[in-house]
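Q: The following file, start-v2.pdb, comprises PDB, C-alpha atoms:
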```
ATOM      1  CA  MET A   1     -21.381  90.959  -7.885
ATOM      2  CA  ILE A   2     -18.929  88.658  -6.175
ATOM      3  CA  GLN A   3     -16.989  89.916  -3.199
ATOM      4  CA  LEU A   4     -15.536  87.843  -0.378
ATOM      5  CA  LYS A   5     -15.184  90.540   2.231
ATOM      6  CA  ARG A   6     -14.249  88.650   5.375
ATOM      7  CA  ILE A   7     -12.278  85.526   4.633
ATOM      8  CA  TYR A   8     -10.295  86.209   7.780
ATOM      9  CA  SER A   9     -12.496  87.503  10.582
ATOM     10  CA  ILE A  10     -11.257  89.390  13.595
ATOM     11  CA  ASN A  11     -13.406  88.540  16.596
ATOM     12  CA  ARG A  12     -13.615  91.430  19.024
ATOM     13  CA  ASP A  13     -15.308  89.399  21.784
ATOM     14  CA  ASN A  14     -13.208  88.628  24.852
ATOM     15  CA  ASN A  15      -9.986  89.761  23.176
ATOM     16  CA  GLU A  16      -8.380  90.352  26.562
ATOM     17  CA  TYR A  17      -8.595  86.602  27.210
ATOM     18  CA  ARG A  18      -7.064  85.533  23.896
ATOM     19  CA  PHE A  19      -3.287  85.596  24.055
ATOM     20  CA  PHE A  20      -2.785  85.662  20.280
ATOM     21  CA  SER A  21      -5.410  88.229  19.352
ATOM     22  CA  ILE A  22      -4.093  91.214  17.400
ATOM     23  CA  GLU A  23      -5.358  93.509  20.146
ATOM     24  CA  ASN A  24      -3.496  91.610  22.863
ATOM     25  CA  TYR A  25      -0.339  91.521  20.777
ATOM     26  CA  LEU A  26      -0.395  95.285  20.216
ATOM     27  CA  LYS A  27      -1.055  95.878  23.922
ATOM     28  CA  ASN A  28       1.872  93.656  24.937
ATOM     29  CA  SER A  29       4.140  93.895  21.893
ATOM     30  CA  ASN A  30       7.258  94.559  23.994
ATOM     31  CA  MET A  31       6.692  91.313  25.865
ATOM     32  CA  PHE A  32       6.246  89.337  22.636
ATOM     33  CA  GLN A  33       9.372  90.820  21.098
ATOM     34  CA  ASN A  34      11.380  90.272  24.257
ATOM     35  CA  ILE A  35      10.426  86.592  24.301
ATOM     36  CA  SER A  36      11.186  86.111  20.603
ATOM     37  CA  SER A  37      14.611  87.760  20.934
ATOM     38  CA  LYS A  38      15.717  85.311  23.651
ATOM     39  CA  VAL A  39      14.773  81.957  22.097
ATOM     40  CA  ASN A  40      15.312  80.224  18.778
ATOM     41  CA  PRO A  41      12.400  79.571  16.378
ATOM     42  CA  ALA A  42      11.863  75.981  17.525
ATOM     43  CA  GLU A  43      11.659  77.013  21.187
ATOM     44  CA  LEU A  44       9.352  79.933  20.384
ATOM     45  CA  ASN A  45       7.106  77.672  18.311
ATOM     46  CA  LYS A  46       6.877  75.129  21.132
ATOM     47  CA  LEU A  47       6.063  77.847  23.676
ATOM     48  CA  PHE A  48       3.409  79.432  21.457
ATOM     49  CA  ASN A  49       1.830  76.061  20.695
ATOM     50  CA  ASN A  50       1.559  75.250  24.398
ATOM     51  CA  ILE A  51      -0.131  78.594  25.064
ATOM     52  CA  ASN A  52      -2.383  78.223  22.031
ATOM     53  CA  GLU A  53      -3.454  74.741  23.085
ATOM     54  CA  SER A  54      -4.383  75.898  26.562
ATOM     55  CA  GLN A  55      -6.231  79.048  25.474
ATOM     56  CA  TYR A  56      -7.413  78.047  22.014
ATOM     57  CA  LYS A  57     -10.761  79.258  20.785
ATOM     58  CA  LEU A  58     -11.798  79.315  17.126
ATOM     59  CA  ILE A  59     -12.518  82.798  15.849
ATOM     60  CA  GLU A  60     -16.309  83.121  15.681
ATOM     61  CA  HIS A  61     -16.678  79.327  15.537
ATOM     62  CA  ASN A  62     -16.903  76.339  17.802
ATOM     63  CA  TYR A  63     -14.263  73.825  16.657
ATOM     64  CA  TYR A  64     -16.668  71.023  15.734
ATOM     65  CA  ASP A  65     -19.188  73.375  14.187
ATOM     66  CA  TYR A  66     -16.418  74.785  12.040
ATOM     67  CA  GLN A  67     -15.198  71.318  11.059
ATOM     68  CA  ASN A  68     -18.733  70.316  10.143
ATOM     69  CA  LYS A  69     -19.180  73.475   8.076
ATOM     70  CA  ILE A  70     -16.009  72.764   6.095
ATOM     71  CA  TYR A  71     -17.071  69.143   5.542
ATOM     72  CA  ASN A  72     -20.445  70.243   4.178
ATOM     73  CA  ASN A  73     -18.800  72.860   1.950
ATOM     74  CA  ILE A  74     -16.382  70.399   0.318
ATOM     75  CA  ILE A  75     -18.719  67.414   0.100
ATOM     76  CA  ASP A  76     -19.457  67.820  -3.646
ATOM     77  CA  PHE A  77     -15.904  68.599  -4.735
ATOM     78  CA  ASP A  78     -13.523  66.028  -6.228
ATOM     79  CA  LEU A  79     -11.441  65.483  -3.113
ATOM     80  CA  GLN A  80     -10.361  62.344  -1.319
ATOM     81  CA  ASP A  81     -10.737  61.773   2.441
ATOM     82  CA  LYS A  82     -13.097  64.708   2.953
ATOM     83  CA  TYR A  83     -13.570  64.105   6.669
ATOM     84  CA  ASP A  84      -9.801  64.096   7.143
ATOM     85  CA  ILE A  85      -9.543  67.357   5.159
ATOM     86  CA  SER A  86     -12.226  69.037   7.269
ATOM     87  CA  GLU A  87     -10.454  67.946  10.460
ATOM     88  CA  LYS A  88      -7.089  69.223   9.193
ATOM     89  CA  THR A  89      -8.713  72.496   8.118
ATOM     90  CA  ALA A  90     -10.167  73.071  11.587
ATOM     91  CA  ASN A  91      -6.835  72.227  13.230
ATOM     92  CA  TYR A  92      -4.969  74.534  10.858
ATOM     93  CA  PHE A  93      -7.464  77.316  11.496
ATOM     94  CA  SER A  94      -6.899  76.939  15.226
ATOM     95  CA  LEU A  95      -3.244  77.934  14.668
ATOM     96  CA  ARG A  96      -3.965  80.931  12.430
ATOM     97  CA  GLU A  97      -3.732  83.753  14.951
ATOM     98  CA  MET A  98      -0.734  82.168  16.657
ATOM     99  CA  ASN A  99       1.075  81.744  13.350
ATOM    100  CA  LEU A 100       0.410  85.357  12.354
ATOM    101  CA  ILE A 101       2.200  86.566  15.486
ATOM    102  CA  TYR A 102       4.914  83.904  15.320
ATOM    103  CA  TYR A 103       5.989  84.497  11.717
ATOM    104  CA  ASN A 104       5.723  88.285  11.893
ATOM    105  CA  LEU A 105       8.081  88.220  14.890
ATOM    106  CA  LEU A 106      10.553  85.942  13.119
ATOM    107  CA  ILE A 107      10.549  88.129  10.002
ATOM    108  CA  GLY A 108      11.044  91.293  12.054
ATOM    109  CA  ASN A 109      13.921  89.766  14.022
ATOM    110  CA  SER A 110      15.506  88.232  10.895
ATOM    111  CA  LYS A 111      15.302  84.789  12.453
ATOM    112  CA  ILE A 112      13.771  83.028   9.490
ATOM    113  CA  SER A 113      15.068  81.852   6.123
ATOM    114  CA  THR A 114      13.110  82.990   3.083
ATOM    115  CA  TYR A 115      13.111  81.086  -0.200
ATOM    116  CA  ILE A 116      11.817  82.801  -3.327
ATOM    117  CA  ASN A 117      11.714  81.000  -6.637
ATOM    118  CA  ASP A 118      13.278  82.448  -9.773
ATOM    119  CA  ASN A 119       9.965  83.777 -11.083
ATOM    120  CA  PHE A 120       9.958  86.646  -8.586
ATOM    121  CA  PRO A 121       9.666  89.996 -10.447
ATOM    122  CA  LEU A 122      11.335  92.252  -7.862
ATOM    123  CA  GLU A 123      14.464  93.028  -9.864
ATOM    124  CA  SER A 124      12.557  94.078 -12.970
ATOM    125  CA  ASP A 125      11.820  97.722 -13.762
ATOM    126  CA  LYS A 126       8.341  96.634 -14.765
ATOM    127  CA  GLY A 127       5.372  96.669 -12.459
ATOM    128  CA  ALA A 128       3.523  93.449 -11.710
ATOM    129  CA  VAL A 129       0.201  92.119 -10.531
ATOM    130  CA  ILE A 130       0.470  89.275  -8.034
ATOM    131  CA  ALA A 131      -2.564  87.097  -7.350
ATOM    132  CA  VAL A 132      -2.001  85.987  -3.755
ATOM    133  CA  PHE A 133      -3.861  82.789  -2.962
ATOM    134  CA  HIS A 134      -5.848  82.622   0.288
ATOM    135  CA  TYR A 135      -3.563  79.741   1.190
ATOM    136  CA  GLY A 136      -1.495  79.139   4.307
ATOM    137  CA  ILE A 137      -0.308  82.216   6.207
ATOM    138  CA  TYR A 138      -1.037  84.464   3.244
ATOM    139  CA  GLN A 139      -1.490  87.487   5.553
ATOM    140  CA  ILE A 140       2.283  87.865   6.015
ATOM    141  CA  VAL A 141       3.052  87.996   2.281
ATOM    142  CA  PRO A 142       3.056  91.841   2.067
ATOM    143  CA  TYR A 143       5.489  92.149   4.984
ATOM    144  CA  LEU A 144       7.761  89.473   3.564
ATOM    145  CA  ILE A 145       7.844  91.074   0.114
ATOM    146  CA  SER A 146       8.440  94.544   1.582
ATOM    147  CA  ARG A 147      11.650  93.234   3.183
ATOM    148  CA  HIS A 148      12.991  92.180  -0.232
ATOM    149  CA  THR A 149      12.298  95.228  -2.391
ATOM    150  CA  ASN A 150      12.216  99.004  -2.349
ATOM    151  CA  LYS A 151       9.304  99.012  -4.777
ATOM    152  CA  ASN A 152       5.937 100.249  -3.608
ATOM    153  CA  ILE A 153       3.627  97.380  -2.700
ATOM    154  CA  LEU A 154      -0.094  98.041  -2.954
ATOM    155  CA  ILE A 155      -2.509  95.732  -1.130
ATOM    156  CA  TYR A 156      -6.023  95.607  -2.599
ATOM    157  CA  ALA A 157      -7.947  93.972   0.236
ATOM    158  CA  ASN A 158     -10.326  94.536   3.133
ATOM    159  CA  GLU A 159      -9.069  97.784   4.649
ATOM    160  CA  GLU A 160      -9.910  97.033   8.304
ATOM    161  CA  ILE A 161      -8.231  93.641   8.303
ATOM    162  CA  SER A 162      -5.189  94.831   6.348
ATOM    163  CA  ASN A 163      -4.646  97.808   8.654
ATOM    164  CA  SER A 164      -4.900  95.562  11.725
ATOM    165  CA  LEU A 165      -2.162  93.357  10.324
ATOM    166  CA  LEU A 166      -0.057  96.378   9.348
ATOM    167  CA  ASN A 167      -0.268  97.553  12.955
ATOM    168  CA  ILE A 168       1.637  94.412  13.935
ATOM    169  CA  ILE A 169       4.338  95.240  11.393
ATOM    170  CA  GLU A 170       4.575  98.805  12.696
ATOM    171  CA  SER A 171       5.044  97.591  16.270
ATOM    172  CA  ILE A 172       7.859  95.257  15.176
ATOM    173  CA  GLU A 173       9.643  97.674  12.850
ATOM    174  CA  GLY A 174       9.106 100.769  14.998
ATOM    175  CA  LYS A 175       7.422 102.419  12.017
ATOM    176  CA  MET A 176       5.311 101.459   9.057
ATOM    177  CA  PRO A 177       7.433 100.382   6.063
ATOM    178  CA  ASP A 178       7.333 103.246   3.572
ATOM    179  CA  ASN A 179       6.645 100.951   0.651
ATOM    180  CA  LEU A 180       3.464  99.269   1.968
ATOM    181  CA  LYS A 181       0.108 100.814   1.052
ATOM    182  CA  VAL A 182      -3.461  99.552   1.547
ATOM    183  CA  LEU A 183      -6.095 100.265  -1.101
ATOM    184  CA  PRO A 184      -9.767 100.050  -0.046
ATOM    185  CA  LEU A 185     -12.098  97.880  -2.106
ATOM    186  CA  ASP A 186     -13.560 100.473  -4.476
ATOM    187  CA  TYR A 187     -13.264 101.607  -8.074
ATOM    188  CA  LYS A 188     -11.059 104.620  -7.266
ATOM    189  CA  SER A 189      -8.507 102.192  -5.878
ATOM    190  CA  VAL A 190      -8.580 100.258  -9.143
ATOM    191  CA  LEU A 191      -7.609 103.401 -11.037
ATOM    192  CA  LYS A 192      -4.816 104.086  -8.531
ATOM    193  CA  ALA A 193      -3.609 100.502  -8.876
ATOM    194  CA  VAL A 194      -3.518 100.709 -12.673
ATOM    195  CA  ARG A 195      -1.428 103.899 -12.571
ATOM    196  CA  ALA A 196       0.911 102.461  -9.933
ATOM    197  CA  VAL A 197       1.531  99.184 -11.767
ATOM    198  CA  LYS A 198       2.245 101.086 -14.982
ATOM    199  CA  ASN A 199       4.845 103.078 -13.004
ATOM    200  CA  GLY A 200       6.632  99.940 -11.837
ATOM    201  CA  ASP A 201       4.886  99.156  -8.520
ATOM    202  CA  ILE A 202       3.612  95.777  -7.339
ATOM    203  CA  LEU A 203      -0.073  95.102  -6.721
ATOM    204  CA  LEU A 204      -1.164  92.277  -4.403
ATOM    205  CA  ILE A 205      -4.737  91.104  -4.929
ATOM    206  CA  MET A 206      -6.615  87.884  -4.159
ATOM    207  CA  PRO A 207      -8.162  86.077  -7.155
ATOM    208  CA  GLU A 208     -11.543  85.750  -5.377
ATOM    209  CA  ILE A 209     -11.925  89.504  -4.828
ATOM    210  CA  ASP A 210     -13.680  91.621  -7.432
ATOM    211  CA  LEU A 211     -12.846  95.132  -8.592
ATOM    212  CA  GLY A 212     -15.835  96.953  -7.145
ATOM    213  CA  SER A 213     -18.079  98.551  -9.744
ATOM    214  CA  THR A 214     -15.944  97.244 -12.611
ATOM    215  CA  GLU A 215     -17.206  93.726 -11.885
ATOM    216  CA  LYS A 216     -20.966  94.347 -11.998
ATOM    217  CA  ASP A 217     -21.143  93.287 -15.616
ATOM    218  CA  GLU A 218     -21.427  89.476 -15.785
ATOM    219  CA  LYS A 219     -19.158  89.593 -18.843
ATOM    220  CA  SER A 220     -16.352  90.448 -16.421
ATOM    221  CA  GLN A 221     -16.872  87.137 -14.656
ATOM    222  CA  THR A 222     -15.778  83.686 -15.762
ATOM    223  CA  ILE A 223     -17.378  80.297 -15.228
ATOM    224  CA  ILE A 224     -14.694  77.719 -14.489
ATOM    225  CA  ASN A 225     -14.442  74.070 -13.505
ATOM    226  CA  PHE A 226     -12.741  73.689 -10.136
ATOM    227  CA  LEU A 227     -12.280  70.270  -8.548
ATOM    228  CA  GLY A 228     -15.429  68.942 -10.213
ATOM    229  CA  LYS A 229     -17.697  71.926  -9.514
ATOM    230  CA  LYS A 230     -18.554  75.040 -11.492
ATOM    231  CA  LEU A 231     -17.527  78.354  -9.953
ATOM    232  CA  ILE A 232     -18.185  81.876 -11.201
ATOM    233  CA  VAL A 233     -15.162  84.030 -10.444
ATOM    234  CA  PRO A 234     -14.150  87.666 -10.992
ATOM    235  CA  SER A 235     -11.425  88.710 -13.386
ATOM    236  CA  GLY A 236      -9.639  90.791 -10.703
ATOM    237  CA  PRO A 237      -5.857  90.355 -11.178
ATOM    238  CA  LEU A 238      -6.122  89.509 -14.868
ATOM    239  CA  LYS A 239      -8.289  92.547 -15.588
ATOM    240  CA  ILE A 240      -5.703  94.916 -14.089
ATOM    241  CA  ALA A 241      -2.874  93.097 -15.859
ATOM    242  CA  SER A 242      -4.690  93.533 -19.187
ATOM    243  CA  MET A 243      -5.261  97.245 -18.448
ATOM    244  CA  THR A 244      -1.578  97.814 -17.641
ATOM    245  CA  LYS A 245       0.029  95.393 -20.117
ATOM    246  CA  MET A 246       2.134  94.148 -17.208
ATOM    247  CA  PRO A 247       2.756  90.528 -16.158
ATOM    248  CA  VAL A 248       0.567  88.729 -13.649
ATOM    249  CA  TYR A 249       1.821  86.050 -11.269
ATOM    250  CA  SER A 250       0.182  83.581  -8.936
ATOM    251  CA  LEU A 251       1.673  83.285  -5.458
ATOM    252  CA  TYR A 252       1.248  80.931  -2.551
ATOM    253  CA  ILE A 253       3.279  80.656   0.634
ATOM    254  CA  GLU A 254       4.495  77.568   2.466
ATOM    255  CA  GLU A 255       5.741  77.715   6.032
ATOM    256  CA  ASP A 256       8.046  75.663   8.231
ATOM    257  CA  ILE A 257       9.185  76.353  11.788
ATOM    258  CA  ASP A 258      12.233  78.336  10.656
ATOM    259  CA  SER A 259      11.614  79.007   6.967
ATOM    260  CA  LEU A 260       9.129  80.491   4.512
ATOM    261  CA  SER A 261       8.822  79.843   0.779
ATOM    262  CA  LEU A 262       7.163  82.139  -1.742
ATOM    263  CA  ASN A 263       6.155  80.205  -4.830
ATOM    264  CA  LEU A 264       5.385  82.312  -7.891
ATOM    265  CA  LYS A 265       4.341  81.390 -11.389
ATOM    266  CA  GLU A 266       3.763  83.734 -14.293
ATOM    267  CA  ILE A 267       0.298  83.359 -15.790
ATOM    268  CA  ILE A 268       0.740  83.513 -19.542
ATOM    269  CA  GLU A 269      -1.804  85.768 -21.220
ATOM    270  CA  GLN A 270      -4.348  83.811 -23.258
ATOM    271  CA  ASP A 271      -6.404  84.822 -26.302
ATOM    272  CA  THR A 272      -9.275  86.105 -24.118
ATOM    273  CA  LEU A 273      -9.510  87.544 -20.622
ATOM    274  CA  GLN A 274     -11.774  84.663 -19.565
ATOM    275  CA  ASN A 275      -9.220  82.091 -20.722
ATOM    276  CA  SER A 276      -6.503  83.908 -18.780
ATOM    277  CA  VAL A 277      -8.723  83.794 -15.684
ATOM    278  CA  SER A 278      -9.216  80.060 -16.228
ATOM    279  CA  GLU A 279      -5.443  79.618 -16.458
ATOM    280  CA  LEU A 280      -4.968  81.353 -13.092
ATOM    281  CA  TRP A 281      -7.610  79.171 -11.463
ATOM    282  CA  LYS A 282      -6.047  75.997 -12.904
ATOM    283  CA  CYS A 283      -2.879  77.017 -11.080
ATOM    284  CA  LEU A 284      -4.902  77.606  -7.913
ATOM    285  CA  GLU A 285      -6.652  74.260  -8.340
ATOM    286  CA  ASN A 286      -3.294  72.447  -8.519
ATOM    287  CA  THR A 287      -2.129  74.220  -5.359
ATOM    288  CA  VAL A 288      -5.323  73.498  -3.410
ATOM    289  CA  GLN A 289      -5.403  69.880  -4.549
ATOM    290  CA  ASN A 290      -2.013  69.331  -2.939
ATOM    291  CA  LYS A 291      -2.988  70.601   0.543
ATOM    292  CA  PRO A 292      -6.702  71.494   0.544
ATOM    293  CA  HIS A 293      -6.796  72.185   4.298
ATOM    294  CA  LYS A 294      -4.679  75.321   3.787
ATOM    295  CA  TRP A 295      -7.156  77.103   1.493
ATOM    296  CA  SER A 296      -9.218  79.582   3.517
ATOM    297  CA  VAL A 297     -11.882  80.026   0.847
ATOM    298  CA  TRP A 298     -13.537  76.721   1.825
ATOM    299  CA  GLU A 299     -15.134  78.860   4.547
ATOM    300  CA  ARG A 300     -17.004  80.926   1.936
ATOM    301  CA  ILE A 301     -16.972  78.737  -1.160
ATOM    302  CA  ASP A 302     -20.771  79.058  -1.472
ATOM    303  CA  ASP A 303     -20.248  82.650  -2.604
ATOM    304  CA  LEU A 304     -18.494  81.390  -5.722
ATOM    305  CA  LEU A 305     -20.676  78.403  -6.681
ATOM    306  CA  TYR A 306     -22.342  78.700 -10.073
ATOM    307  CA  GLU A 307     -25.905  77.479 -10.426
ATOM    308  CA  ASP A 308     -27.094  76.604 -13.961
TER
END
```
Let me see the file written as structure tokens.
A:
Amino acid sequence: MIQLKRIYSINRDNNEYRFFSIENYLKNSNMFQNISSKVNPAELNKLFNNINESQYKLIEHNYYDYQNKIYNNIIDFDLQDKYDISEKTANYFSLREMNLIYYNLLIGNSKISTYINDNFPLESDKGAVIAVFHYGIYQIVPYLISRHTNKNILIYANEEISNSLLNIIESIEGKMPDNLKVLPLDYKSVLKAVRAVKNGDILLIMPEIDLGSTEKDEKSQTIINFLGKKLIVPSGPLKIASMTKMPVYSLYIEEDIDSLSLNLKEIIEQDTLQNSVSELWKCLENTVQNKPHKWSVWERIDDLLYED
């Protein structure tokens, strides 16, 4: 059974010394919000980068060890300039915690422009399944979507990590948004998700995450070609979409200092579930190929490799 449980790890060691840890943010949220209210995004970004550079420590990894790990993980994939990619990945990872705080603050203070392409299903009465790629600052996608719809948004993801991130939102908003819900990774949550999507809600789920006990049968998994290697991947988003007869979309986020873009594409249902899964992963492959250093799954790609 495939399950990537900890793509984004929260290191609890020496949190009091890490300025951008979630724990430190929650402890000093008034200070963070006070700073962000007094400066523009460019000034806040410069300040945060200076702090991050002086206090930077990779979560659970030494920088060069992490870079080496990424290089070894991508070595057999069809990618150009693999050393450059591994270096960019390590550098991007070093900004992850800082960016989580930075963009959450900008969203909460309405200091950021949001661009959503025309494929966004928020105005429809129908429910939808959105396959959120582990790409860029994907952790802020639920918050961003919740600011643009009154629909219920269900997050099928690691409960501990999701709740930690929701705590940031609660500190910014003064309360938890009523339309954000976290579903733990188990089969009961799948049944809840199916009912909710049928009733018009939106489900956010990562394509690499399985559906608990529903994925134990190998027939529920699909072997795909991805950048020159074979992966075996769960049916996740496509399985729920087929159970609800609702549309499924891929989504990745791109960030700039003062803007965020949500890029969605409807995945057209194919003649078989496996072919629909392959279609989703082709979309993911095209996204990753463009900026491979932004895909977090390189950290755990071994979990998805298929051995003949």
Q: Write out as a VMD selection string the residues lying within 10 Å of Thr287 in chain A, counting only C-alpha atoms and excluding same-chain residues fewer than 4 positions away.
A: chain A and resid 133 135 251 to 252 281 to 283 291 to 292 294 to 295
Q: On this file, the PyMOL selection byres ((chain A and resi 25-33) around 12) gives some set of residues; write that set as a VMD selection string.
A: chain A and resid 15 to 24 34 to 39 44 47 to 48 97 to 98 100 to 109 164 to 174
Q: Could the residues in this selection be saved with C-alpha atoms as a tab-separated table (two decimals), in the frame of the given file?
A:
```tsv
chain	number	residue	atom	x	y	z
A	15	ASN	CA	-9.99	89.76	23.18
A	16	GLU	CA	-8.38	90.35	26.56
A	17	TYR	CA	-8.60	86.60	27.21
A	18	ARG	CA	-7.06	85.53	23.90
A	19	PHE	CA	-3.29	85.60	24.06
A	20	PHE	CA	-2.78	85.66	20.28
A	21	SER	CA	-5.41	88.23	19.35
A	22	ILE	CA	-4.09	91.21	17.40
A	23	GLU	CA	-5.36	93.51	20.15
A	24	ASN	CA	-3.50	91.61	22.86
A	34	ASN	CA	11.38	90.27	24.26
A	35	ILE	CA	10.43	86.59	24.30
A	36	SER	CA	11.19	86.11	20.60
A	37	SER	CA	14.61	87.76	20.93
A	38	LYS	CA	15.72	85.31	23.65
A	39	VAL	CA	14.77	81.96	22.10
A	44	LEU	CA	9.35	79.93	20.38
A	47	LEU	CA	6.06	77.85	23.68
A	48	PHE	CA	3.41	79.43	21.46
A	97	GLU	CA	-3.73	83.75	14.95
A	98	MET	CA	-0.73	82.17	16.66
A	100	LEU	CA	0.41	85.36	12.35
A	101	ILE	CA	2.20	86.57	15.49
A	102	TYR	CA	4.91	83.90	15.32
A	103	TYR	CA	5.99	84.50	11.72
A	104	ASN	CA	5.72	88.28	11.89
A	105	LEU	CA	8.08	88.22	14.89
A	106	LEU	CA	10.55	85.94	13.12
A	107	ILE	CA	10.55	88.13	10.00
A	108	GLY	CA	11.04	91.29	12.05
A	109	ASN	CA	13.92	89.77	14.02
A	164	SER	CA	-4.90	95.56	11.72
A	165	LEU	CA	-2.16	93.36	10.32
A	166	LEU	CA	-0.06	96.38	9.35
A	167	ASN	CA	-0.27	97.55	12.96
A	168	ILE	CA	1.64	94.41	13.94
A	169	ILE	CA	4.34	95.24	11.39
A	170	GLU	CA	4.58	98.80	12.70
A	171	SER	CA	5.04	97.59	16.27
A	172	ILE	CA	7.86	95.26	15.18
A	173	GLU	CA	9.64	97.67	12.85
A	174	GLY	CA	9.11	100.77	15.00
```
Q: Can you list, as a ChimeraX atom specification, the residues that the PyMOL selection byres ((chain A and resi 208) around 7) selects here?
A: /A:4,206-207,209-210,233-234
Q: Between A:Leu183, A:Val288, A:Leu305, A:Ile153, which is the closest to Leu231 in chain A once you count all atoms listed in the file?
A: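 Distance minimum relative to Leu231 in chain A lands on A:Leu305.
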Q: CA of Lys245 in chain A to CA of Lys230 in chain A: how many Å, to one decimal?
A: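 Interatomic distance here is 28.9 Å.
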Q: For Leu211 in chain A, list every protein, DNA or RNA residue within 8 Å, evaluated using only C-alpha atoms, and leave out those in the same chain fewer than 4 positions away; present the list as JSON, numbers by chain.
A: {"A": [185, 186, 187, 190, 215, 234, 236]}
Q: Between CA of Asp201 in chain A and CA of Ala128 in chain A, what is the distance in Å, rounded to a tenth?
A: 6.7 Å
Q: What's the 7 Å shell around Gly127 in chain A, counting all atoms listed in the file, without same-chain residues fewer than 2 positions away, as a short mmCIF file (atom, residue, chain, number, x, y, z; two decimals) with C-alpha atoms, in the frame of the given file?
A:
```cif
data_model
loop_
_atom_site.label_atom_id
_atom_site.label_comp_id
_atom_site.auth_asym_id
_atom_site.auth_seq_id
_atom_site.Cartn_x
_atom_site.Cartn_y
_atom_site.Cartn_z
CA ASP A 125 11.82 97.72 -13.76
CA VAL A 197 1.53 99.18 -11.77
CA LYS A 198 2.24 101.09 -14.98
CA ASN A 199 4.84 103.08 -13.00
CA GLY A 200 6.63 99.94 -11.84
CA ASP A 201 4.89 99.16 -8.52
CA ILE A 202 3.61 95.78 -7.34
CA MET A 246 2.13 94.15 -17.21
#
```
Q: Quick one, how far is CA of Leu203 in chain A from CA of Thr89 in chain A?
A: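 Between CA of Leu203 in chain A and CA of Thr89 in chain A the gap is 28.4 Å.
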Q: Return the single residue from A:Ser296, A:Asn290, A:Ser259, A:Ser250 that is closest to Val132 in chain A, with distances computed using only C-alpha atoms.
A: A:Ser250
Q: Because the input lacks atoms here, generate N, CA and C atoms for range 64-77 of chain A and report them as an mmCIF file, in the frame of the given file.
A:
```cif
data_model
loop_
_atom_site.group_PDB
_atom_site.id
_atom_site.type_symbol
_atom_site.label_atom_id
_atom_site.label_comp_id
_atom_site.auth_asym_id
_atom_site.auth_seq_id
_atom_site.Cartn_x
_atom_site.Cartn_y
_atom_site.Cartn_z
ATOM 1 N N TYR A 64 -15.956 72.081 16.462
ATOM 2 C CA TYR A 64 -16.668 71.023 15.734
ATOM 3 C C TYR A 64 -17.699 71.587 14.775
ATOM 4 N N ASP A 65 -18.288 72.722 15.125
ATOM 5 C CA ASP A 65 -19.188 73.375 14.187
ATOM 6 C C ASP A 65 -18.434 73.815 12.941
ATOM 7 N N TYR A 66 -17.233 74.337 13.162
ATOM 8 C CA TYR A 66 -16.418 74.785 12.040
ATOM 9 C C TYR A 66 -16.002 73.598 11.173
ATOM 10 N N GLN A 67 -15.581 72.516 11.807
ATOM 11 C CA GLN A 67 -15.198 71.318 11.059
ATOM 12 C C GLN A 67 -16.368 70.785 10.241
ATOM 13 N N ASN A 68 -17.546 70.790 10.844
ATOM 14 C CA ASN A 68 -18.733 70.316 10.143
ATOM 15 C C ASN A 68 -19.073 71.216 8.963
ATOM 16 N N LYS A 69 -18.913 72.526 9.159
ATOM 17 C CA LYS A 69 -19.180 73.475 8.076
ATOM 18 C C LYS A 69 -18.251 73.221 6.897
ATOM 19 N N ILE A 70 -16.964 73.034 7.169
ATOM 20 C CA ILE A 70 -16.009 72.764 6.095
ATOM 21 C C ILE A 70 -16.366 71.460 5.382
ATOM 22 N N TYR A 71 -16.715 70.435 6.147
ATOM 23 C CA TYR A 71 -17.071 69.143 5.542
ATOM 24 C C TYR A 71 -18.251 69.305 4.586
ATOM 25 N N ASN A 72 -19.271 70.028 5.028
ATOM 26 C CA ASN A 72 -20.445 70.243 4.178
ATOM 27 C C ASN A 72 -20.106 71.070 2.942
ATOM 28 N N ASN A 73 -19.177 72.004 3.078
ATOM 29 C CA ASN A 73 -18.800 72.860 1.950
ATOM 30 C C ASN A 73 -17.999 72.116 0.890
ATOM 31 N N ILE A 74 -17.238 71.096 1.289
ATOM 32 C CA ILE A 74 -16.382 70.399 0.318
ATOM 33 C C ILE A 74 -16.998 69.090 -0.176
ATOM 34 N N ILE A 75 -18.163 68.745 0.332
ATOM 35 C CA ILE A 75 -18.719 67.414 0.100
ATOM 36 C C ILE A 75 -18.883 67.079 -1.383
ATOM 37 N N ASP A 76 -19.205 68.084 -2.231
ATOM 38 C CA ASP A 76 -19.457 67.820 -3.646
ATOM 39 C C ASP A 76 -18.240 68.058 -4.539
ATOM 40 N N PHE A 77 -17.107 68.381 -3.943
ATOM 41 C CA PHE A 77 -15.904 68.599 -4.735
ATOM 42 C C PHE A 77 -15.114 67.291 -4.894
#
```
